[in-house]
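Novice: Below is a structure I'd like to ask you about.
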8 protein chains.
Amino acid sequence: MVRVSIVMGSDSDLPIMEKAAQLLKEMDIEHEMRIISAHRTPEEAREFASSARERGVQVIIAGAGMAAHLAGAMAAHTHLPIIGVPLSGGALAGQEALLSTVQMPPGVPVATMAIDGSRNAGIMACQILALQDREVEEKLLEFRRNMAAGVRKKDASIN
Amino acid sequence: MVRVSIVMGSDSDLPIMEKAAQLLKEMDIEHEMRIISAHRTPEEAREFASSARERGVQVIIAGAGMAAHLAGAMAAHTHLPIIGVPLSGGALAGQEALLSTVQMPPGVPVATMAIDGSRNAGIMACQILALQDREVEEKLLEFRRNMAAGVRKKDASIN
Amino acid sequence: MVRVSIVMGSDSDLPIMEKAAQLLKEMDIEHEMRIISAHRTPEEAREFASSARERGVQVIIAGAGMAAHLAGAMAAHTHLPIIGVPLSGGALAGQEALLSTVQMPPGVPVATMAIDGSRNAGIMACQILALQDREVEEKLLEFRRNMAAGVRKKDASIN
Amino acid sequence: MVRVSIVMGSDSDLPIMEKAAQLLKEMDIEHEMRIISAHRTPEEAREFASSARERGVQVIIAGAGMAAHLAGAMAAHTHLPIIGVPLSGGALAGQEALLSTVQMPPGVPVATMAIDGSRNAGIMACQILALQDREVEEKLLEFRRNMAAGVRKKDASIN
Amino acid sequence: MVRVSIVMGSDSDLPIMEKAAQLLKEMDIEHEMRIISAHRTPEEAREFASSARERGVQVIIAGAGMAAHLAGAMAAHTHLPIIGVPLSGGALAGQEALLSTVQMPPGVPVATMAIDGSRNAGIMACQILALQDREVEEKLLEFRRNMAAGVRKKDASIN
Amino acid sequence: MVRVSIVMGSDSDLPIMEKAAQLLKEMDIEHEMRIISAHRTPEEAREFASSARERGVQVIIAGAGMAAHLAGAMAAHTHLPIIGVPLSGGALAGQEALLSTVQMPPGVPVATMAIDGSRNAGIMACQILALQDREVEEKLLEFRRNMAAGVRKKDASIN
Amino acid sequence: MVRVSIVMGSDSDLPIMEKAAQLLKEMDIEHEMRIISAHRTPEEAREFASSARERGVQVIIAGAGMAAHLAGAMAAHTHLPIIGVPLSGGALAGQEALLSTVQMPPGVPVATMAIDGSRNAGIMACQILALQDREVEEKLLEFRRNMAAGVRKKDASIN
Amino acid sequence: MVRVSIVMGSDSDLPIMEKAAQLLKEMDIEHEMRIISAHRTPEEAREFASSARERGVQVIIAGAGMAAHLAGAMAAHTHLPIIGVPLSGGALAGQEALLSTVQMPPGVPVATMAIDGSRNAGIMACQILALQDREVEEKLLEFRRNMAAGVRKKDASIN
């Protein structure tokens with residue numbers, strides 16, 4: 001059963017959004033990737049978000065660029081936690097995507113990541129799932145130990 | 001029959017958005033004001049936009065602040081021209097509302113006005129209606145003549 | 001008879017502004033492209049805008065970069081709806097063009113598109129013309145159905 | 001047992017951060033408020049974050065202004081989900097707090113809310129807890145129904 | 001004979017633009033103030049700028065806010081040096097006025113001052129006139145000596 | 001006798017600043033180019049600016065990037081009109097150079113051009129010199145006629 | 001003998017810059033306050049900075065707003081460490097002062113503080129002096145202990 | 001004995017941060033380079049900063065990008081002067097790194113350099129050490145003389 005859904009507005013977003021999928025794969029968390037547009041396929045966006053809870057989805061990661069409404073559109077239709085990934089691309093380098101994602105009005109939050117922070121979105125999804133899944137928590141702790149070890153190794157290598 | 005619908009996400013937006021209504025009233029154009037939220041009442045937003053064409057609405061003016069998705073949500077559900085009014089308020093003074101409104105992705109444009117430019121949204125609605133309505137056009141031309149006369153009068157008064 | 005005029009300040013703007021022309025061609029809407037500068041050929045700008053209504057033009061699309069005054073100069077001389085396209089290029093990546101286009105003073109609005117959003121300007125022109133032209137409306141509806149179908153197809157292809 | 005910890009760098013942040021506490025109280029979720037500074041009491045920050053998991057805390061909400069490092073400092077010391085609230089105040093109106101909170105490097109995400117979005121941080125905490133707590137989920141659903149009803153009521157009242 | 005013309009788009013700009021007039025008065029330079037709008041009275045703007053040279057005007061100071069096109073509109077119609085004063089006011093505090101004034105395209109420069117820098121515009125006009133007028137130059141030198149003396153006096157007073 | 005001095009802080013600024021020299025050459029105006037740094041050779045900057053008037057210089061064009069103090073340093077030491085050219089380059093693409101050049105304090109203005117607007121600085125220098133030199137004025141008028149003709153020609157060529 | 005000089009461009013900067021003086025007084029470090037303008041009294045700025053080393057000054061704190069060149073002008077004339085304090089005030093809230101202070105070109109650094117961070121400038125001066133003065137170091141350590149204790153006390157008081 | 005420590009969060013920062021090391025080498029100042037992450041190896045960051053004073057370190061240069069917390073994390077654990085270098089890279093070109101580094105809260109300053117201003121950080125470290133080390137001061141003075149000579153030579157070469 002899919003636990004994390006990764007949605008994006010266009011297939012041009014795939015190269016960035018796949019990093020979330022890759023992270024979830026490393027963590028052995030079942031996930032899916034979907035192309036759904038808040039503006040071009042609003043019905044699909046609504047149906048997808050409204051039914052996610054019943055389908056067993058626990059976290060939705062939504063990546064979008066420019067006037068990035070996808071994460072907000074998801075949040076409007078479900079009470080599942082939505083993780084928003086503002087995507088760069090275009091003249092403003094993702095600044096407008098960041099603001100369109102994070103500056104949500106009262107009542108409907110989106111948990112926003114850095115611009116193009118798709119891999120971090122995968123990690124945040126794990127952090128949320130780990131609250132109820134000891135295995136995920138173990139993998140997360142190992143992931144963090146490895147990350148620290150990587151820094152230490154690089155530190156050692158330059159001296 | 002209502003020709004222009006003015007929608008906004010919250011009643012706190014009324015003081016600004018009423019200026020569009022006031023302008024339309026001056027121009028004798030039938031209009032309505034509605035409070036509909038893209039995030040808090042997404043079903044209403046969808047139904048409102050989807051049915052607007054049948055109800056005879058010709059232009060929708062949508063005002064919203066922060067991650068201003070309302071104009072975009074309207075545009076997703078109707079092919080009527082949507083005029084977006086980014087609203088100030090909040091820490092970023094409407095900069096994020098401007099970008100969230102204007103930086104729409106390919107295929108789904110929003111005709112964006114200045115921050116808090118609600119009155120100008122009313123004028124733009126008239127300019128669109130004037131293409132098919134001689135009376136509106138006459139009033140618009142008079143409005144522009146008066147505006148110019150006002151500037152000339154002020155110019156005269158300071159010298 | 002030309003229904004939509006596309007004006008730009010320099011031939012270096014052609015690669016972007018042609019996308020509006022291309023869209024209008026797809027929609028079978030008669031249009032023209034003109035190079036007119038608000039600063040270098042202000043007389044032409046004035047004459048062009050002042051006479052547009054008589055010539056049967058219904059919508060003007062104006063693209064300009066930097067201190068983008070072209071759309072505003074058009075709006076000063078005609079009550080036809082002006083669609084402004086801020087163009088990137090230069091050190092500020094179109095940010096100043098966006099603000100110079102959208103932040104119009106009270107009384108003289110410009111319907112502003114995203115930076116380099118020339119194709120969307122063409123769509124908005126269609127949305128305006130569709131209010132009085134059933135054929136354009138049909139084509140617009142088909143355009144939107146195709147757009148949605150394209151997203152669905154991509155969605156299917158990645159799973 | 002405290003399930004959500006709300007930390008902030010200074011007591012001047014209380015008026016904003018209390019809104020998260022208020023929301024959690026409405027939802028009957030046990031919580032605490034703490035004043036801990038990433039820069040002035042870094043040891044407390046480390047001990048607080050490192051021991052949070054053992055103490056039963058499931059989500060940490062961290063609010064800070066200016067070069068807002070508090071949420072990041074929490075995230076460095078625990079794998080619990082951290083919700084960051086950038087606070088306005090100061091010359092840049094929270095813009096630097098937003099960027100300091102959201103632009104986290106790979107591996108250590110912070111789920112960022114809007115500037116001063118403390119109440120939304122409380123809601124996001126509920127959305128996370130609801131994944132494993134049916135009662136919280138019920139309250140959340142009711143909260144969302146009430147929110148929608150509030151918008152509808154305001155809509156009715158202006159017409 | 002008027003040597004410096006001060007133009008502004010609205011009488012709401014008077015409190016700031018009068019500082020340029022005041023400076024010119026201190027320097028005994030004949031000047032005038034005019035309210036002319038690039039967007040609302042474009043014909044007046046054109047006539048005013050086109051005829052300025054014949055009327056003996058040597059420098060034009062143009063102050064405008066928001067999408068500040070007035071200085072550029074002047075520059076389009078005369079080869080006299082135009083000094084632009086971006087005015088604050090509105091949601092963006094004059095940032096868009098600054099960019100709309102200074103980011104002029106190749107061929108048509110505007111000598112731009114700081115936001116609300118009306119008094120400095122008066123000084124720059126004097127600096128230009130002083131190139132051909134010994135009296136103005138003397139007054140300018142005295143003005144600069146007094147300015148320096150003022151700083152020295154304040155320095156002395158705090159110690 | 002040199003009438004316009006072009007100064008820049010580094011020889012890396014030459015490719016941009018040469019465009020001012022090129023324009024002045026086209027206009028037959030005697031000029032010089034100098035590399036002087038406000039921060040690395042402050043004595044030279046002081047001596048250069050202080051003695052410019054006596055040497056017959058009438059306008060100084062100063063180009064600098066980053067914290068662009070060169071134009072301001074010139075303005076501190078002479079009452080000649082200073083034309084500032086903010087240069088791009090570096091992480092902020094000239095935004096800081098623009099603000100450092102244009103936002104001068106009361107009493108000491110710099111006539112600021114667009115980012116990298118070196119050629120326009122040359123034109124502005126001509127516009128100033130033309131006030132007292134009929135030959136320069138004639139050339140300037142011809143330059144403007146040619147510029148307009150160039151636009152018209154391009155307009156003709158695309159239709 | 002004065003060890004730290006605090007300079008500012010105008011007496012309007014006193015309310016902010018006095019906080020540096022107050023901090024140095026708390027630390028028993030001899031200091032002075034001076035009003036010197038990089039643009040209005042450039043000779044004084046040069047003499048002050050050039051002679052500071054001989055007079056025994058070890059650190060210079062320079063506060064300025066807008067196109068804040070004062071710290072840079074100091075750095076051009078002495079190899080003593082310069083601490084720059086960008087001051088808010090004006091339309092851009094100190095953003096331009098920050099960039100004008102921090103974005104110094106290669107070779108001439110300014111140690112920049114937060115906008116209006118005058119008190120922190122005093123602390124940084126102490127941190128530098130403490131490297132060679134055990135008494136200052138002791139006071140600094142006590143200052144930091146008190147600061148931490150203050151946070152702990154506030155933490156205790158809200159629970 | 002190491003007098004200046006250069007720390008950075010990742011080995012991808014080496015190409016920029018090595019410029020600080022290179023400068024210190026030119027000045028014959030003993031230094032070290034370390035890779036330590038405020039977020040991935042917070043324990044190492046704490047131990048490194050806390051023990052720096054005892055190890056004889058006098059100045060710490062910390063370079064980091066994005067939500068650049070490294071300099072602040074150092075400053076939280078030691079009273080040695082910290083020189084912060086915001087690093088570009090990523091969608092926002094170092095703007096967020098600059099604000100995250102410079103906008104430190106009261107009590108814990110970071111002496112901030114320009115974006116990617118690593119070499120200037122080395123110079124500032126020398127300026128601080130020169131206060132107590134005559135040899136370093138001599139080298140610094142020579143460095144500044146050479147720098148000025150370099151500018152003069154380039155000035156001569158273009159004329």
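Residue numbering restarts at 1 for every chain of the structure tokens, chains are lettered A, B, ... in their displayed order, and ligands are numbered from 1 as they appear.
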Could you give me, as a ChimeraX atom specification, the residues within 6 Å of stretch 81-96 of chain H, counting only C-alpha atoms and dropping anything in the same chain fewer than 3 positions from it?
Specialist: /A:93 /D:99 /F:91 /G:127 /H:59-66,71,99-100,110-113,115-116
Novice: Since we have the selection now, will you write its residues out, keeping N, CA, C and O atoms, as a PDB file, in the first residue's frame?
Specialist:
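Resulting contents of result-v6.pdb:
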ATOM      1  N   ALA A  93      13.808  32.118 -10.636  1.00  0.00           N
ATOM      2  CA  ALA A  93      14.626  31.115  -9.958  1.00  0.00           C
ATOM      3  C   ALA A  93      13.937  30.466  -8.764  1.00  0.00           C
ATOM      4  O   ALA A  93      14.587  30.047  -7.814  1.00  0.00           O
TER       5      ALA A  93
ATOM      6  N   LEU D  99      13.887  32.754   5.037  1.00  0.00           N
ATOM      7  CA  LEU D  99      14.946  32.089   4.273  1.00  0.00           C
ATOM      8  C   LEU D  99      15.867  31.275   5.174  1.00  0.00           C
ATOM      9  O   LEU D  99      16.302  30.184   4.808  1.00  0.00           O
TER      10      LEU D  99
ATOM     11  N   ALA F  91      27.445  37.678  -7.263  1.00  0.00           N
ATOM     12  CA  ALA F  91      26.281  36.865  -6.932  1.00  0.00           C
ATOM     13  C   ALA F  91      24.963  37.626  -7.055  1.00  0.00           C
ATOM     14  O   ALA F  91      23.929  37.044  -7.374  1.00  0.00           O
TER      15      ALA F  91
ATOM     16  N   GLN G 127      35.130  41.438  21.491  1.00  0.00           N
ATOM     17  CA  GLN G 127      35.681  40.115  21.151  1.00  0.00           C
ATOM     18  C   GLN G 127      37.067  40.251  20.522  1.00  0.00           C
ATOM     19  O   GLN G 127      37.947  39.430  20.757  1.00  0.00           O
TER      20      GLN G 127
ATOM     21  N   VAL H  59      40.997  33.488  15.700  1.00  0.00           N
ATOM     22  CA  VAL H  59      39.902  33.909  14.812  1.00  0.00           C
ATOM     23  C   VAL H  59      39.378  32.675  14.088  1.00  0.00           C
ATOM     24  O   VAL H  59      40.157  31.831  13.648  1.00  0.00           O
ATOM     25  N   ILE H  60      38.043  32.581  13.950  1.00  0.00           N
ATOM     26  CA  ILE H  60      37.431  31.495  13.177  1.00  0.00           C
ATOM     27  C   ILE H  60      36.735  32.097  11.967  1.00  0.00           C
ATOM     28  O   ILE H  60      35.958  33.044  12.097  1.00  0.00           O
ATOM     29  N   ILE H  61      37.056  31.565  10.804  1.00  0.00           N
ATOM     30  CA  ILE H  61      36.367  31.943   9.572  1.00  0.00           C
ATOM     31  C   ILE H  61      35.422  30.806   9.213  1.00  0.00           C
ATOM     32  O   ILE H  61      35.848  29.661   9.094  1.00  0.00           O
ATOM     33  N   ALA H  62      34.129  31.109   9.097  1.00  0.00           N
ATOM     34  CA  ALA H  62      33.149  30.056   8.810  1.00  0.00           C
ATOM     35  C   ALA H  62      32.396  30.369   7.534  1.00  0.00           C
ATOM     36  O   ALA H  62      31.777  31.423   7.406  1.00  0.00           O
ATOM     37  N   GLY H  63      32.455  29.453   6.587  1.00  0.00           N
ATOM     38  CA  GLY H  63      31.762  29.639   5.315  1.00  0.00           C
ATOM     39  C   GLY H  63      30.634  28.637   5.149  1.00  0.00           C
ATOM     40  O   GLY H  63      30.821  27.448   5.410  1.00  0.00           O
ATOM     41  N   ALA H  64      29.465  29.131   4.751  1.00  0.00           N
ATOM     42  CA  ALA H  64      28.340  28.215   4.557  1.00  0.00           C
ATOM     43  C   ALA H  64      27.349  28.834   3.588  1.00  0.00           C
ATOM     44  O   ALA H  64      27.276  30.056   3.443  1.00  0.00           O
ATOM     45  N   GLY H  65      26.584  27.967   2.914  1.00  0.00           N
ATOM     46  CA  GLY H  65      25.595  28.431   1.959  1.00  0.00           C
ATOM     47  C   GLY H  65      24.187  28.192   2.473  1.00  0.00           C
ATOM     48  O   GLY H  65      23.980  27.756   3.599  1.00  0.00           O
ATOM     49  N   MET H  66      23.200  28.516   1.675  1.00  0.00           N
ATOM     50  CA  MET H  66      21.774  28.351   1.988  1.00  0.00           C
ATOM     51  C   MET H  66      21.434  28.931   3.369  1.00  0.00           C
ATOM     52  O   MET H  66      21.797  30.053   3.643  1.00  0.00           O
ATOM     53  N   ALA H  71      28.418  29.803  10.931  1.00  0.00           N
ATOM     54  CA  ALA H  71      29.081  30.897  11.645  1.00  0.00           C
ATOM     55  C   ALA H  71      28.351  31.176  12.958  1.00  0.00           C
ATOM     56  O   ALA H  71      28.975  31.353  14.009  1.00  0.00           O
ATOM     57  N   LEU H  99      21.833  36.725   4.449  1.00  0.00           N
ATOM     58  CA  LEU H  99      20.920  37.138   5.525  1.00  0.00           C
ATOM     59  C   LEU H  99      21.028  36.208   6.733  1.00  0.00           C
ATOM     60  O   LEU H  99      20.958  36.669   7.875  1.00  0.00           O
ATOM     61  N   SER H 100      21.197  34.908   6.491  1.00  0.00           N
ATOM     62  CA  SER H 100      21.316  33.953   7.603  1.00  0.00           C
ATOM     63  C   SER H 100      22.590  34.173   8.403  1.00  0.00           C
ATOM     64  O   SER H 100      22.677  33.787   9.565  1.00  0.00           O
ATOM     65  N   VAL H 110      28.207  38.059  14.291  1.00  0.00           N
ATOM     66  CA  VAL H 110      29.123  37.434  13.327  1.00  0.00           C
ATOM     67  C   VAL H 110      29.614  38.545  12.396  1.00  0.00           C
ATOM     68  O   VAL H 110      28.804  39.296  11.852  1.00  0.00           O
ATOM     69  N   ALA H 111      30.916  38.654  12.224  1.00  0.00           N
ATOM     70  CA  ALA H 111      31.506  39.673  11.336  1.00  0.00           C
ATOM     71  C   ALA H 111      31.386  39.165   9.912  1.00  0.00           C
ATOM     72  O   ALA H 111      32.156  38.309   9.480  1.00  0.00           O
ATOM     73  N   THR H 112      30.410  39.710   9.176  1.00  0.00           N
ATOM     74  CA  THR H 112      30.042  39.117   7.892  1.00  0.00           C
ATOM     75  C   THR H 112      30.750  39.772   6.713  1.00  0.00           C
ATOM     76  O   THR H 112      30.886  40.990   6.658  1.00  0.00           O
ATOM     77  N   MET H 113      31.181  38.933   5.788  1.00  0.00           N
ATOM     78  CA  MET H 113      31.839  39.362   4.557  1.00  0.00           C
ATOM     79  C   MET H 113      30.836  39.307   3.396  1.00  0.00           C
ATOM     80  O   MET H 113      29.737  38.803   3.539  1.00  0.00           O
ATOM     81  N   ILE H 115      29.190  37.988  -0.154  1.00  0.00           N
ATOM     82  CA  ILE H 115      28.924  36.647  -0.664  1.00  0.00           C
ATOM     83  C   ILE H 115      30.175  36.131  -1.387  1.00  0.00           C
ATOM     84  O   ILE H 115      30.728  36.826  -2.240  1.00  0.00           O
ATOM     85  N   ASP H 116      30.622  34.960  -0.992  1.00  0.00           N
ATOM     86  CA  ASP H 116      31.835  34.340  -1.549  1.00  0.00           C
ATOM     87  C   ASP H 116      33.096  35.146  -1.243  1.00  0.00           C
ATOM     88  O   ASP H 116      34.144  34.930  -1.878  1.00  0.00           O
TER      89      ASP H 116
END
Novice: Write out, as CSV, each residue of chain G that has an atom at most 7 Å from chain F, together with the closest pair of atoms and their distance in Å to one decimal, counting only C-alpha atoms, rows going by chain and rising number.
Specialist:
residue,atom,partner,partner_atom,distance
G:His39,CA,F:Ala76,CA,4.5
G:Arg40,CA,F:Ala76,CA,6.2
G:Pro42,CA,F:Ala76,CA,6.3
G:Met66,CA,F:Gln103,CA,5.5
G:Ala67,CA,F:Ser100,CA,4.5
G:His69,CA,F:His69,CA,6.3
G:Gly72,CA,F:His39,CA,7.0
G:Ala73,CA,F:His39,CA,6.9
G:Ala76,CA,F:His39,CA,4.5
G:Glu96,CA,F:Leu99,CA,5.5
G:Leu99,CA,F:Glu96,CA,5.5
G:Ser100,CA,F:Ala67,CA,4.5
G:Thr101,CA,F:Ala67,CA,6.7
G:Gln103,CA,F:Ala67,CA,5.0
G:Met104,CA,F:Ala67,CA,5.3
G:Pro105,CA,F:Met66,CA,6.6
G:Val108,CA,F:His39,CA,6.6
Novice: Once DSSP has gone over the backbone, tell me which residues of stretch 26-141 of chain E are in alpha helix (DSSP H), as a PyMOL selection string.
Specialist: chain E and resi 26+42-52+70-77+95-102+118-129+134-141
Novice: Would you write out those residues with N, CA and C atoms, as a compact mmCIF listing (two decimals), in the first residue's frame?
Specialist:
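Final output, saved to result-v7.txt:
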# COMPACT_ATOMS: atom_id res chain seq x y z
N GLU E 26 16.25 78.40 -3.06
CA GLU E 26 17.45 78.77 -2.29
C GLU E 26 18.60 79.16 -3.21
N PRO E 42 -1.55 61.97 -21.38
CA PRO E 42 -0.36 61.73 -22.21
C PRO E 42 -0.12 62.82 -23.24
N GLU E 43 -1.19 63.44 -23.73
CA GLU E 43 -1.00 64.52 -24.70
C GLU E 43 -0.26 65.69 -24.07
N GLU E 44 -0.67 66.05 -22.84
CA GLU E 44 0.00 67.14 -22.14
C GLU E 44 1.47 66.79 -21.91
N ALA E 45 1.70 65.53 -21.55
CA ALA E 45 3.08 65.12 -21.30
C ALA E 45 3.93 65.30 -22.55
N ARG E 46 3.37 64.89 -23.67
CA ARG E 46 4.08 65.00 -24.93
C ARG E 46 4.35 66.46 -25.30
N GLU E 47 3.30 67.26 -25.22
CA GLU E 47 3.46 68.67 -25.59
C GLU E 47 4.44 69.38 -24.66
N PHE E 48 4.29 69.09 -23.38
CA PHE E 48 5.16 69.73 -22.40
C PHE E 48 6.63 69.42 -22.68
N ALA E 49 6.92 68.13 -22.88
CA ALA E 49 8.32 67.73 -23.09
C ALA E 49 8.84 68.22 -24.44
N SER E 50 8.01 68.08 -25.48
CA SER E 50 8.47 68.46 -26.83
C SER E 50 8.80 69.94 -26.94
N SER E 51 8.08 70.76 -26.18
CA SER E 51 8.25 72.20 -26.32
C SER E 51 9.19 72.78 -25.26
N ALA E 52 9.66 71.96 -24.36
CA ALA E 52 10.44 72.49 -23.23
C ALA E 52 11.70 73.21 -23.72
N LEU E 70 6.74 58.56 -15.87
CA LEU E 70 6.73 59.97 -16.25
C LEU E 70 8.10 60.45 -16.74
N ALA E 71 9.15 60.11 -15.99
CA ALA E 71 10.48 60.56 -16.41
C ALA E 71 10.82 59.97 -17.78
N GLY E 72 10.50 58.71 -17.98
CA GLY E 72 10.77 58.07 -19.27
C GLY E 72 9.95 58.69 -20.39
N ALA E 73 8.71 59.06 -20.11
CA ALA E 73 7.87 59.68 -21.13
C ALA E 73 8.44 61.04 -21.51
N MET E 74 8.97 61.77 -20.52
CA MET E 74 9.65 63.03 -20.83
C MET E 74 10.85 62.76 -21.74
N ALA E 75 11.66 61.81 -21.34
CA ALA E 75 12.89 61.50 -22.08
C ALA E 75 12.60 61.07 -23.52
N ALA E 76 11.42 60.49 -23.73
CA ALA E 76 11.06 60.06 -25.08
C ALA E 76 10.82 61.25 -26.00
N HIS E 77 10.46 62.39 -25.44
CA HIS E 77 10.04 63.52 -26.26
C HIS E 77 10.99 64.71 -26.26
N GLN E 95 10.07 50.71 -4.41
CA GLN E 95 11.04 49.85 -5.10
C GLN E 95 10.72 49.73 -6.58
N GLU E 96 9.42 49.62 -6.91
CA GLU E 96 9.06 49.50 -8.31
C GLU E 96 9.25 50.84 -9.03
N ALA E 97 9.03 51.94 -8.30
CA ALA E 97 9.24 53.25 -8.91
C ALA E 97 10.73 53.44 -9.24
N LEU E 98 11.59 52.99 -8.33
CA LEU E 98 13.03 53.09 -8.58
C LEU E 98 13.40 52.32 -9.85
N LEU E 99 12.97 51.07 -9.93
CA LEU E 99 13.34 50.23 -11.08
C LEU E 99 12.70 50.75 -12.37
N SER E 100 11.45 51.22 -12.29
CA SER E 100 10.78 51.75 -13.49
C SER E 100 11.45 53.02 -14.00
N THR E 101 12.12 53.73 -13.10
CA THR E 101 12.77 54.99 -13.50
C THR E 101 14.18 54.75 -14.00
N VAL E 102 14.92 53.91 -13.30
CA VAL E 102 16.36 53.80 -13.59
C VAL E 102 16.69 52.81 -14.71
N SER E 118 13.98 64.07 -3.86
CA SER E 118 13.58 65.25 -4.61
C SER E 118 14.57 66.41 -4.42
N ARG E 119 14.99 66.62 -3.19
CA ARG E 119 15.95 67.71 -2.92
C ARG E 119 17.26 67.47 -3.67
N ASN E 120 17.72 66.24 -3.68
CA ASN E 120 18.93 65.93 -4.45
C ASN E 120 18.74 66.17 -5.94
N ALA E 121 17.52 65.98 -6.43
CA ALA E 121 17.26 66.28 -7.84
C ALA E 121 17.48 67.76 -8.11
N GLY E 122 17.05 68.59 -7.16
CA GLY E 122 17.29 70.02 -7.29
C GLY E 122 18.78 70.34 -7.32
N ILE E 123 19.52 69.67 -6.46
CA ILE E 123 20.98 69.89 -6.42
C ILE E 123 21.62 69.46 -7.73
N MET E 124 21.22 68.29 -8.24
CA MET E 124 21.80 67.81 -9.51
C MET E 124 21.48 68.80 -10.64
N ALA E 125 20.27 69.35 -10.64
CA ALA E 125 19.93 70.36 -11.65
C ALA E 125 20.90 71.53 -11.55
N CYS E 126 21.19 71.97 -10.33
CA CYS E 126 22.16 73.05 -10.14
C CYS E 126 23.54 72.65 -10.64
N GLN E 127 23.93 71.43 -10.36
CA GLN E 127 25.27 71.00 -10.80
C GLN E 127 25.38 71.06 -12.32
N ILE E 128 24.28 70.76 -12.99
CA ILE E 128 24.27 70.81 -14.46
C ILE E 128 24.30 72.26 -14.94
N LEU E 129 23.46 73.09 -14.33
CA LEU E 129 23.42 74.49 -14.74
C LEU E 129 24.73 75.20 -14.42
N ARG E 134 28.34 80.79 -13.78
CA ARG E 134 29.28 80.97 -12.67
C ARG E 134 28.59 81.28 -11.35
N GLU E 135 27.48 82.02 -11.45
CA GLU E 135 26.76 82.38 -10.22
C GLU E 135 26.18 81.15 -9.52
N VAL E 136 25.58 80.31 -10.33
CA VAL E 136 25.05 79.07 -9.76
C VAL E 136 26.18 78.25 -9.16
N GLU E 137 27.30 78.22 -9.85
CA GLU E 137 28.44 77.46 -9.34
C GLU E 137 28.88 78.00 -7.98
N GLU E 138 28.95 79.31 -7.85
CA GLU E 138 29.34 79.90 -6.57
C GLU E 138 28.37 79.49 -5.46
N LYS E 139 27.09 79.56 -5.78
CA LYS E 139 26.08 79.20 -4.77
C LYS E 139 26.19 77.72 -4.39
N LEU E 140 26.48 76.92 -5.38
CA LEU E 140 26.63 75.49 -5.14
C LEU E 140 27.82 75.21 -4.23
N LEU E 141 28.91 75.92 -4.50
CA LEU E 141 30.09 75.73 -3.65
C LEU E 141 29.80 76.17 -2.22
Novice: Quick one: residues within 9 Å of B:Arg55, only C-alpha atoms counted, chain neighbours fewer than 4 positions away excluded, as a list of chain:residue names?
Specialist: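 Here the qualifying residues turn out to be B:Met1, B:Val2, B:Arg3, B:Ser51.
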Novice: One decimal, Å: what's the distance from atom CA of C:Gln132 over to atom CA of B:Gln58, could you say?
Specialist: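 Interatomic distance here is 9.9 Å.
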Novice: If DSSP is run on the backbone, what residues of stretch 23-148 of chain G are strand (DSSP E or B)? A reply as a ChimeraX atom specification would be ideal.
Specialist: /G:31-35,59-65,82-87,111-112
Novice: Give me, please, the distance in Å between atom CA of F:Met8 and atom CA of H:Arg145, quoted to one decimal.
Specialist: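 Answer for the atom CA of F:Met8 to atom CA of H:Arg145 separation: 19.3 Å.
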Novice: Go through C:Asn159, C:Arg34, C:Ala114, C:Lys154 and flag the residue nearest A:Asp11, using only C-alpha atoms for the distances.
Specialist: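 Checking each of C:Asn159, C:Arg34, C:Ala114, C:Lys154 against A:Asp11, counting only C-alpha atoms, the winner is C:Lys154.
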Novice: Atom CA of E:Ser5 and atom CA of E:Gly56 are how many Å apart?
Specialist: 10.2 Å
